[in-house]
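Student: Handing over structure_21.csv, CSV, C-alpha atoms.
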chain,number,residue,atom,x,y,z
T,1,MET,CA,10.9,-14.8,-23.0
T,2,ASN,CA,14.1,-13.9,-21.3
T,3,ILE,CA,13.9,-11.5,-18.4
T,4,ARG,CA,17.1,-9.9,-17.0
T,5,PRO,CA,17.2,-9.4,-13.3
T,6,TYR,CA,17.2,-5.9,-12.0
T,7,SER,CA,20.5,-4.2,-11.6
T,8,PRO,CA,21.6,-3.5,-8.0
T,9,ASP,CA,20.6,0.2,-8.4
T,10,GLN,CA,17.2,-0.7,-9.8
T,11,GLU,CA,16.6,-3.1,-7.0
T,12,ASP,CA,17.6,-0.6,-4.4
T,13,ALA,CA,15.3,2.0,-5.9
T,14,LEU,CA,12.4,-0.5,-6.0
T,15,GLN,CA,12.9,-1.6,-2.4
T,16,GLU,CA,13.0,2.0,-1.3
T,17,ILE,CA,9.8,2.8,-3.1
T,18,ALA,CA,8.3,-0.3,-1.5
T,19,ASN,CA,9.6,0.8,1.8
T,20,VAL,CA,7.8,4.2,1.6
T,21,ALA,CA,4.6,2.5,0.4
T,22,MET,CA,4.7,0.0,3.2
T,23,GLY,CA,5.2,2.7,5.7
T,24,GLN,CA,1.9,4.3,4.6
T,25,ALA,CA,0.1,0.9,4.8
T,26,GLY,CA,1.6,0.3,8.3
T,27,SER,CA,0.3,3.6,9.5
T,28,SER,CA,-3.2,2.8,8.2
T,29,LEU,CA,-3.1,-0.5,10.0
T,30,ALA,CA,-1.8,1.1,13.2
T,31,THR,CA,-4.7,3.6,13.1
T,32,MET,CA,-7.2,0.9,12.6
T,33,LEU,CA,-6.0,-1.3,15.4
T,34,ASP,CA,-4.7,1.5,17.6
T,35,THR,CA,-1.4,-0.3,18.2
T,36,PHE,CA,2.2,0.0,17.0
T,37,VAL,CA,3.1,-1.9,13.8
T,38,VAL,CA,6.6,-3.1,13.3
T,39,LEU,CA,7.6,-2.8,9.6
T,40,SER,CA,10.0,-5.1,7.8
T,41,VAL,CA,12.7,-4.3,5.2
T,42,PRO,CA,11.1,-5.0,1.8
T,43,ARG,CA,12.4,-7.9,-0.3
T,44,SER,CA,12.1,-8.3,-4.0
T,45,ARG,CA,13.1,-10.8,-6.6
T,46,ILE,CA,12.3,-11.9,-10.2
T,47,VAL,CA,11.4,-15.6,-10.7
T,48,THR,CA,10.1,-17.8,-13.5
T,49,VAL,CA,6.4,-18.6,-13.1
T,50,ASP,CA,7.2,-22.2,-12.2
T,51,ASP,CA,9.0,-20.9,-9.1
T,52,VAL,CA,6.4,-18.4,-7.9
T,53,GLY,CA,4.6,-20.8,-5.5
T,54,SER,CA,7.8,-21.9,-3.8
T,55,ALA,CA,9.3,-18.4,-3.8
T,56,VAL,CA,6.2,-17.0,-2.0
T,57,ALA,CA,6.2,-20.0,0.4
T,58,GLU,CA,9.8,-19.3,1.2
T,59,LEU,CA,9.0,-15.8,2.3
T,60,VAL,CA,6.3,-17.0,4.8
T,61,PRO,CA,6.7,-19.3,7.8
T,62,GLN,CA,4.2,-22.1,7.9
T,63,PRO,CA,2.7,-21.4,4.5
T,64,GLU,CA,0.5,-24.5,4.8
T,65,ASP,CA,-1.6,-22.8,7.4
T,66,ALA,CA,-2.1,-19.5,5.7
T,67,THR,CA,-5.3,-17.8,4.8
T,68,ILE,CA,-4.8,-15.9,1.6
T,69,VAL,CA,-6.6,-12.9,0.3
T,70,ARG,CA,-6.0,-11.7,-3.2
T,71,GLN,CA,-6.6,-8.5,-5.1
T,72,ALA,CA,-5.8,-7.9,-8.7
T,73,PHE,CA,-4.6,-4.5,-9.8
T,74,PHE,CA,-4.2,-3.1,-13.3
T,75,ASN,CA,-3.4,-0.2,-15.5
T,76,LYS,CA,0.1,0.6,-16.8
T,77,LEU,CA,1.4,-1.9,-14.3
T,78,ARG,CA,-0.7,-4.9,-13.4
T,79,GLY,CA,-0.5,-7.9,-11.2
T,80,GLU,CA,-1.8,-9.6,-8.1
T,81,ALA,CA,-1.5,-8.4,-4.5
T,82,ILE,CA,-1.9,-11.2,-2.0
T,83,VAL,CA,-2.0,-11.0,1.8
T,84,LEU,CA,-1.2,-14.0,3.9
T,85,PHE,CA,-2.4,-14.4,7.4
T,86,GLY,CA,-1.2,-17.1,9.8
T,87,LYS,CA,-3.5,-19.5,11.5
T,88,ASP,CA,-4.3,-17.3,14.5
T,89,GLY,CA,-4.4,-14.0,12.6
T,90,CYS,CA,-8.1,-13.6,12.8
T,91,ARG,CA,-8.3,-14.2,16.6
T,92,ASP,CA,-5.6,-11.7,17.2
T,93,LEU,CA,-7.2,-9.0,15.0
T,94,ALA,CA,-10.6,-9.6,16.6
T,95,ASP,CA,-9.1,-9.2,20.1
T,96,LEU,CA,-7.4,-6.0,19.1
T,97,LEU,CA,-10.6,-4.6,17.7
T,98,GLY,CA,-12.4,-5.5,20.9
T,99,MET,CA,-14.7,-8.0,19.2
T,100,ASP,CA,-15.4,-10.2,22.2
T,101,GLU,CA,-17.9,-12.5,20.6
T,102,VAL,CA,-16.6,-15.6,18.8
T,103,LEU,CA,-16.7,-14.8,15.1
T,104,ASP,CA,-18.3,-17.3,12.8
T,105,GLU,CA,-16.5,-18.2,9.5
T,106,LYS,CA,-18.2,-15.4,7.6
T,107,GLY,CA,-17.2,-12.8,10.3
T,108,ASP,CA,-13.6,-14.1,10.1
T,109,GLU,CA,-13.5,-13.7,6.4
T,110,GLU,CA,-14.9,-10.2,6.5
T,111,LEU,CA,-12.3,-9.1,9.0
T,112,LEU,CA,-9.5,-10.5,6.9
T,113,LEU,CA,-10.9,-8.9,3.8
T,114,ASP,CA,-11.2,-5.5,5.5
T,115,VAL,CA,-7.6,-5.6,6.8
T,116,SER,CA,-6.3,-6.8,3.4
T,117,ASN,CA,-8.2,-4.1,1.6
T,118,ILE,CA,-6.6,-1.4,3.8
T,119,LEU,CA,-3.1,-2.7,3.4
T,120,VAL,CA,-3.3,-3.4,-0.3
T,121,GLY,CA,-5.0,0.0,-1.0
T,122,ALA,CA,-2.4,1.9,1.0
T,123,VAL,CA,0.6,0.0,-0.6
T,124,LEU,CA,-0.7,0.5,-4.1
T,125,ASN,CA,-1.5,4.1,-3.5
T,126,GLY,CA,2.0,4.6,-2.1
T,127,LEU,CA,3.6,2.9,-5.1
T,128,ALA,CA,1.4,4.8,-7.6
T,129,GLU,CA,2.2,8.2,-6.0
T,130,GLN,CA,5.9,7.6,-6.3
T,131,LEU,CA,5.8,6.0,-9.7
T,132,GLU,CA,3.5,8.7,-10.9
T,133,THR,CA,0.9,6.3,-12.2
T,134,ASP,CA,-2.4,5.0,-10.8
T,135,PHE,CA,-4.0,1.7,-10.3
T,136,GLY,CA,-7.4,0.3,-10.6
T,137,TYR,CA,-8.0,-2.7,-8.4
T,138,SER,CA,-10.5,-5.4,-7.8
T,139,ALA,CA,-12.4,-6.1,-4.6
T,140,PRO,CA,-10.4,-8.5,-2.4
T,141,SER,CA,-11.4,-12.2,-2.3
T,142,ILE,CA,-10.3,-15.1,-0.2
T,143,MET,CA,-8.3,-17.5,-2.3
T,144,ALA,CA,-8.1,-20.2,0.2
T,145,SER,CA,-8.7,-20.8,3.8
T,146,GLU,CA,-5.7,-22.4,5.4
T,147,GLY,CA,-4.7,-23.9,2.1
T,148,SER,CA,-1.3,-24.4,0.7
T,149,VAL,CA,0.2,-21.3,-0.9
T,150,ARG,CA,2.0,-23.3,-3.5
T,151,ASP,CA,-1.1,-24.9,-4.9
T,152,LEU,CA,-2.7,-21.5,-5.3
T,153,LEU,CA,0.0,-20.0,-7.4
T,154,GLN,CA,0.1,-22.6,-10.2
T,155,PRO,CA,1.7,-21.4,-13.5
T,156,GLU,CA,-1.4,-22.2,-15.5
T,157,GLN,CA,-3.6,-20.1,-13.2
T,158,LEU,CA,-1.4,-17.1,-13.6
T,159,GLY,CA,-0.7,-17.5,-17.3
T,160,TRP,CA,2.6,-15.5,-17.0
T,161,SER,CA,6.2,-16.4,-17.9
T,162,HIS,CA,7.9,-14.6,-15.0
T,163,ALA,CA,6.9,-12.7,-11.9
T,164,LEU,CA,8.4,-9.9,-9.9
T,165,LEU,CA,7.8,-10.5,-6.2
T,166,ILE,CA,7.8,-7.7,-3.7
T,167,GLU,CA,7.3,-8.8,-0.1
T,168,VAL,CA,6.7,-6.7,3.0
T,169,ASN,CA,5.4,-7.8,6.3
T,170,PHE,CA,3.6,-6.2,9.3
T,171,ALA,CA,4.0,-7.4,12.8
T,172,LEU,CA,2.1,-6.1,15.8
T,173,GLU,CA,4.2,-5.4,18.8
T,174,ALA,CA,1.5,-6.1,21.2
T,175,ARG,CA,1.1,-9.8,20.2
T,176,GLY,CA,2.3,-12.5,17.9
T,177,PHE,CA,0.3,-11.3,14.9
T,178,LYS,CA,2.1,-11.0,11.6
T,179,CYS,CA,0.8,-10.8,8.1
T,180,TYR,CA,2.6,-10.8,4.8
T,181,LEU,CA,1.8,-8.8,1.7
T,182,VAL,CA,3.3,-10.0,-1.6
T,183,ILE,CA,2.9,-8.1,-4.8
T,184,LEU,CA,3.3,-10.1,-8.0
T,185,MET,CA,3.8,-8.6,-11.5
T,186,PRO,CA,4.1,-10.3,-14.8
T,187,GLU,CA,6.8,-9.9,-17.4
T,188,GLU,CA,5.6,-6.8,-19.3
T,189,SER,CA,5.1,-5.0,-16.0
T,190,ILE,CA,8.7,-6.0,-14.9
T,191,GLU,CA,10.0,-4.2,-18.0
T,192,MET,CA,7.7,-1.2,-17.6
T,193,MET,CA,8.9,-1.0,-13.9
T,194,ARG,CA,12.5,-1.2,-15.1
T,195,ALA,CA,12.0,1.8,-17.4
T,196,VAL,CA,10.3,3.8,-14.6
T,197,LEU,CA,13.1,3.0,-12.1
T,198,ASP,CA,15.7,4.0,-14.7
T,199,ARG,CA,14.0,7.3,-15.2
T,200,LEU,CA,13.9,7.9,-11.5
T,201,LEU,CA,17.6,7.0,-11.0
T,202,GLU,CA,18.6,9.2,-13.9
T,203,SER,CA,16.8,12.1,-12.2
T,204,LEU,CA,19.0,11.9,-9.1
N,1,MET,CA,34.7,25.1,8.5
N,2,PRO,CA,32.1,22.9,6.8
N,3,LEU,CA,29.8,21.0,9.2
N,4,PRO,CA,30.0,17.2,9.2
N,5,VAL,CA,26.7,15.8,8.2
N,6,LEU,CA,26.0,12.0,8.2
N,7,ILE,CA,23.2,10.4,6.1
N,8,VAL,CA,22.2,7.0,7.4
N,9,ASP,CA,20.1,4.8,5.1
N,10,ASP,CA,20.3,1.3,3.8
N,11,SER,CA,19.1,2.5,0.4
N,12,ALA,CA,21.6,4.4,-1.8
N,13,MET,CA,18.7,6.0,-3.7
N,14,SER,CA,17.2,7.3,-0.4
N,15,ARG,CA,20.6,8.7,0.7
N,16,LYS,CA,20.8,10.6,-2.7
N,17,LEU,CA,17.3,11.9,-2.3
N,18,THR,CA,18.2,13.2,1.2
N,19,ILE,CA,21.4,14.8,0.0
N,20,ARG,CA,19.6,16.5,-2.8
N,21,ALA,CA,17.1,17.9,-0.3
N,22,LEU,CA,19.8,19.6,1.8
N,23,PRO,CA,19.8,23.4,1.5
N,24,PRO,CA,22.2,24.3,-1.4
N,25,GLU,CA,23.9,27.1,0.5
N,26,TRP,CA,24.5,25.0,3.6
N,27,ASP,CA,28.3,24.6,4.2
N,28,VAL,CA,28.6,20.9,4.9
N,29,VAL,CA,30.8,17.9,4.3
N,30,VAL,CA,28.5,14.9,3.7
N,31,HIS,CA,29.3,11.4,5.0
N,32,GLN,CA,27.2,8.3,4.4
N,33,ALA,CA,26.5,5.2,6.3
N,34,ASN,CA,24.7,2.1,5.2
N,35,ASP,CA,23.3,0.8,8.5
N,36,GLY,CA,23.3,1.5,12.2
N,37,SER,CA,26.7,0.2,13.1
N,38,GLU,CA,28.3,2.2,10.3
N,39,ALA,CA,26.5,5.2,11.6
N,40,LEU,CA,27.9,4.8,15.1
N,41,GLU,CA,31.3,4.3,13.7
N,42,ALA,CA,31.1,7.5,11.7
N,43,TYR,CA,29.6,9.3,14.7
N,44,HIS,CA,32.5,8.3,16.9
N,45,ALA,CA,34.9,9.4,14.2
N,46,GLY,CA,33.4,12.9,14.5
N,47,LYS,CA,31.6,12.8,11.1
N,48,ALA,CA,28.1,13.5,12.5
N,49,HIS,CA,27.3,16.9,13.9
N,50,VAL,CA,24.0,16.5,12.2
N,51,MET,CA,22.7,13.0,11.5
N,52,PHE,CA,19.8,12.2,9.1
N,53,LEU,CA,18.7,8.8,10.3
N,54,ASP,CA,16.5,6.2,8.6
N,55,LEU,CA,14.5,3.9,11.0
N,56,THR,CA,13.9,0.7,9.2
N,57,MET,CA,17.3,-0.9,8.2
N,58,PRO,CA,18.5,-4.4,8.3
N,59,GLY,CA,20.9,-5.2,11.1
N,60,MET,CA,21.0,-2.3,13.6
N,61,ASP,CA,18.0,-0.1,12.9
N,62,GLY,CA,17.4,3.6,13.6
N,63,PHE,CA,15.8,3.1,17.0
N,64,GLN,CA,18.8,1.1,18.2
N,65,VAL,CA,21.1,3.9,17.0
N,66,LEU,CA,19.1,6.4,18.9
N,67,GLU,CA,19.2,4.2,22.0
N,68,THR,CA,22.9,3.9,21.8
N,69,LEU,CA,23.4,7.6,21.3
N,70,LYS,CA,21.2,8.4,24.2
N,71,ARG,CA,23.1,6.0,26.5
N,72,GLU,CA,26.4,7.5,25.4
N,73,GLY,CA,25.2,11.0,26.0
N,74,LEU,CA,23.9,12.4,22.7
N,75,ASP,CA,26.2,14.8,21.1
N,76,CYS,CA,24.6,15.5,17.7
N,77,PHE,CA,21.4,16.7,16.1
N,78,VAL,CA,19.5,13.7,14.9
N,79,ILE,CA,16.8,14.2,12.3
N,80,VAL,CA,14.9,11.0,11.6
N,81,VAL,CA,14.0,10.5,7.9
N,82,SER,CA,11.4,7.7,8.0
N,83,ALA,CA,9.1,5.7,5.8
N,84,ASP,CA,7.5,4.6,9.1
N,85,VAL,CA,5.0,7.4,9.5
N,86,GLN,CA,3.1,6.2,12.5
N,87,PRO,CA,2.6,8.9,15.1
N,88,LYS,CA,4.0,6.4,17.6
N,89,ALA,CA,7.2,6.0,15.6
N,90,GLU,CA,7.7,9.8,15.7
N,91,GLN,CA,6.9,9.9,19.4
N,92,ARG,CA,9.4,7.1,20.2
N,93,ALA,CA,12.1,8.6,18.1
N,94,LYS,CA,11.7,11.9,19.8
N,95,GLU,CA,11.7,10.2,23.3
N,96,LEU,CA,15.0,8.7,22.3
N,97,GLY,CA,16.4,12.1,21.5
N,98,ALA,CA,15.7,12.7,17.8
N,99,MET,CA,15.2,16.5,17.3
N,100,GLY,CA,13.3,16.3,14.0
N,101,PHE,CA,11.1,13.8,12.2
N,102,ILE,CA,10.8,14.0,8.4
N,103,LYS,CA,8.5,11.7,6.5
N,104,LYS,CA,9.7,10.0,3.3
N,105,PRO,CA,9.7,10.8,0.5
N,106,VAL,CA,11.8,13.6,1.8
N,107,LYS,CA,11.2,17.1,0.5
N,108,ALA,CA,13.7,20.0,0.6
N,109,GLU,CA,11.1,22.3,2.3
N,110,GLN,CA,10.8,19.9,5.2
N,111,VAL,CA,14.5,19.6,5.7
N,112,GLU,CA,14.9,23.4,5.7
N,113,LYS,CA,12.1,23.9,8.1
N,114,VAL,CA,13.6,21.4,10.7
N,115,LEU,CA,17.1,22.9,10.3
N,116,ARG,CA,15.7,26.4,10.8
N,117,GLU,CA,13.5,25.4,13.7
N,118,PHE,CA,16.6,24.3,15.7
N,119,GLY,CA,18.8,27.1,14.5
N,120,ILE,CA,21.2,24.9,12.6
N,121,ILE,CA,20.9,27.1,9.5
What do you get writing this file as C-alpha cells?
Tutor:
Amino acid sequence: MNIRPYSPDQEDALQEIANVAMGQAGSSLATMLDTFVVLSVPRSRIVTVDDVGSAVAELVPQPEDATIVRQAFFNKLRGEAIVLFGKDGCRDLADLLGMDEVLDEKGDEELLLDVSNILVGAVLNGLAEQLETDFGYSAPSIMASEGSVRDLLQPEQLGWSHALLIEVNFALEARGFKCYLVILMPEESIEMMRAVLDRLLESL
Amino acid sequence: MPLPVLIVDDSAMSRKLTIRALPPEWDVVVHQANDGSEALEAYHAGKAHVMFLDLTMPGMDGFQVLETLKREGLDCFVIVVSADVQPKAEQRAKELGAMGFIKKPVKAEQVEKVLREFGII
C-alpha cells in the first residue's frame, strides 16, 4: 500500500488541531500538579511501519531509559497513544504531588498510569471535538519499564503498513520533568484523517 | 482609514480561522506574521494597532513578543489567541501587557466581546 505524505496545508491543519488538543491536556496536567506546564510545538510525520520504532526514538531523548504507557483508541479513527516518561519522571511527579513516602514499584506504576490517562484522555477529547468524531479507548497499561522504545514498536506487533505519528511534549517549569505523548495511527486512519482535514480546509 | 490589524500565528489555518472570526463590519486592513520576529517587524512598520497573538510558536514565541513590546513601551492592543489555556498562561500574558485572552479554537463571539470590552469596536 502506498501512502502519500500530507500536503503542507493538511500538515498545518493537523498540527494546529494537535496544538489545541495538547493545550487542553496541558491544562489538565497543570491543574493536577498545580504548576505551570510548558507546551511544545506539535510535530507530525508519516512513516512506514519498519521506521516507527526509530521515528519515535528520534523524538525522545534517552529513549533507552523510558517508561512507556500505552492506550489504544478506536472508532472512525484508530491507533495507539503512548506516553513516554524519562527515568526520573516518577520521582518528580511524586514530589509535586507531595507524596513524601518512597513509592514502591506498584505505586510508581499507578502514578504514571494516572498521569497518562489524564493526558491521553484530554488530547483525544480535544482531537475528537475538533474533528467532530469521538473515540473509545482502552485502559492504559505499562508497555515496558525502562525498556527500549524501538523494541516495543516492532512491525509485527503493530500489524500496520504505515503510521502517522503526532508528537507533543509537556515540560514542567518547576523542575526537569518532561514527558512525551505520541499518537500513532495506521494507514486507513491516515486516509480518513486526510479526508477530514480536506473538509476542514475547504470550509475556511 | 482602516485600522491595521496583525494576526500572528505559525499555523496558516489558525490565522484564517482568526481572520474569519473578526467582525465583518469592522474596517480593518489585515496583516499576517508567521512567528514572533515577523510580528515585531510588522509592528515596527506600523501594521499592528491591534495584534492577535498566538503563544506557542517555534522560534520567538508569544510571551517573548509580549516581553519585547513591554520593554519598548507597548503601543498596540494585544489580544492573545491561545491553545495554551492554563489560567497561569492567561495571567502571565496579561501581566506582560496583553489586553484580552481568547482560547482556541477561536469563536467570533469571543473576539467581538473582547473588542467591545476595550472599546475598539
Student: Work out how far apart atom CA of N:Ala42 and atom CA of T:Val20 are and give it in Å to one decimal.
Tutor: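 Separation of atom CA of N:Ala42 and atom CA of T:Val20: 25.6 Å.
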Student: Please provide the set of residues having any atom within 6 Å of stretch 59-69 of chain N, restricted to all atoms listed in the file, with same-chain residues fewer than 5 positions apart removed, written as a list in words.
Tutor: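 Skipping anything fewer than 5 positions along the chain leaves Gly36, Asp54, Leu74 and Leu96 of chain N.
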Student: With 12 Å as the limit and counting all atoms listed in the file, what residues in chain T lie close to chain N? Please list them as JSON, numbers by chain.
Tutor: {"T": [8, 9, 10, 11, 12, 13, 14, 15, 16, 17, 18, 19, 20, 21, 22, 23, 24, 25, 26, 27, 28, 29, 30, 31, 32, 34, 35, 36, 37, 38, 39, 40, 41, 42, 43, 126, 127, 129, 130, 131, 170, 173, 197, 198, 200, 201, 202, 203, 204]}
Student: Please identify all polymer residues within 8 Å of T:Ile46, counting all atoms listed in the file, omitting same-chain residues fewer than 3 positions from it, and present them as number ranges by chain.
Tutor: T: 5-6, 162-165
Student: Using only C-alpha atoms, which protein or nucleic acid residues come within 9 Å of N:Leu3? Drop anything in the same chain fewer than 4 positions from it, and give the result as a list in words.
Tutor: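 Residues near the query, excluding close chain neighbours: Trp26, Asp27, Val28, Val29, Val30, Lys47, Ala48, His49 and Val50 of chain N.
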